[in-house]
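Enquirer: I have a structure I would like to understand better, so I am pasting it below and will then ask my questions one at a time.
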Amino acid sequence: EGLIAHSGNRYAGELLERMRNLLSLIGNLSQEAPGRRERSVEEHQAILDAIRAGDADAARRATFAHLDSIEADSLGALEQYTAESASAG
């Protein structure tokens, strides 16, 4: 964020803001999935353990597994929300 603020590139700042908004939406959606918080804690622990062990490859794999997990939960929550909205309308 600091680099972008000092770069003078307003497009990069706008992109960062859009990414931040998207990540916030995804985070809110994923929280609707049962067990999401517990999975996130476990996934973050796996990332931290790999970093502490100095295993960059394991940290990368754990990070991507965490992102895949959030994506799956977010899409599932979105599908559920869409189905509920359609049946209520």
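The chains in the structure tokens are called A, B, ... from first to last as shown; in each chain the residues are counted from 1, and the ligands are counted from 1 in the order shown.
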Neighbours of Ala65 in chain A within 10 Å (only C-alpha atoms; same-chain residues fewer than 6 positions away dropped), as a VMD selection string?
Expert: chain A and resid 43 46 to 47 59 71
Enquirer: CA of Glu42 in chain A and CA of Ala83 in chain A are how many Å apart?
Expert: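 Pair CA of Glu42 in chain A / CA of Ala83 in chain A returns 29.6 Å.
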Enquirer: Closest to Ile70 in chain A among A:Ile26, A:Ala58, A:Ala88, A:Ala53, using only C-alpha atoms?
Expert: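 Closest to Ile70 in chain A, using only C-alpha atoms: A:Ile26.
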Enquirer: Which value, in Å to one decimal, gives the distance between CA of Gln45 in chain A and CA of Ser69 in chain A?
Expert: 14.2 Å
Enquirer: Quick one: residues within 10 Å of Leu3 in chain A, only C-alpha atoms, excluding same-chain residues fewer than 3 positions away - as a PyMOL selection string?
Expert: chain A and resi 6-9+12-13
Enquirer: I'd like to know which of A:Ala50, A:Glu1, A:Arg61, A:Arg39 is closest to Leu15 in chain A, using only C-alpha atoms.
Expert: A:Glu1
Enquirer: Under the rule that only C-alpha atoms are counted, which of A:Ala62, A:Leu78, A:Ala72, A:Leu22 is the nearest residue to Arg36 in chain A?
Expert: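 Result for the nearest residue to Arg36 in chain A: A:Ala72.
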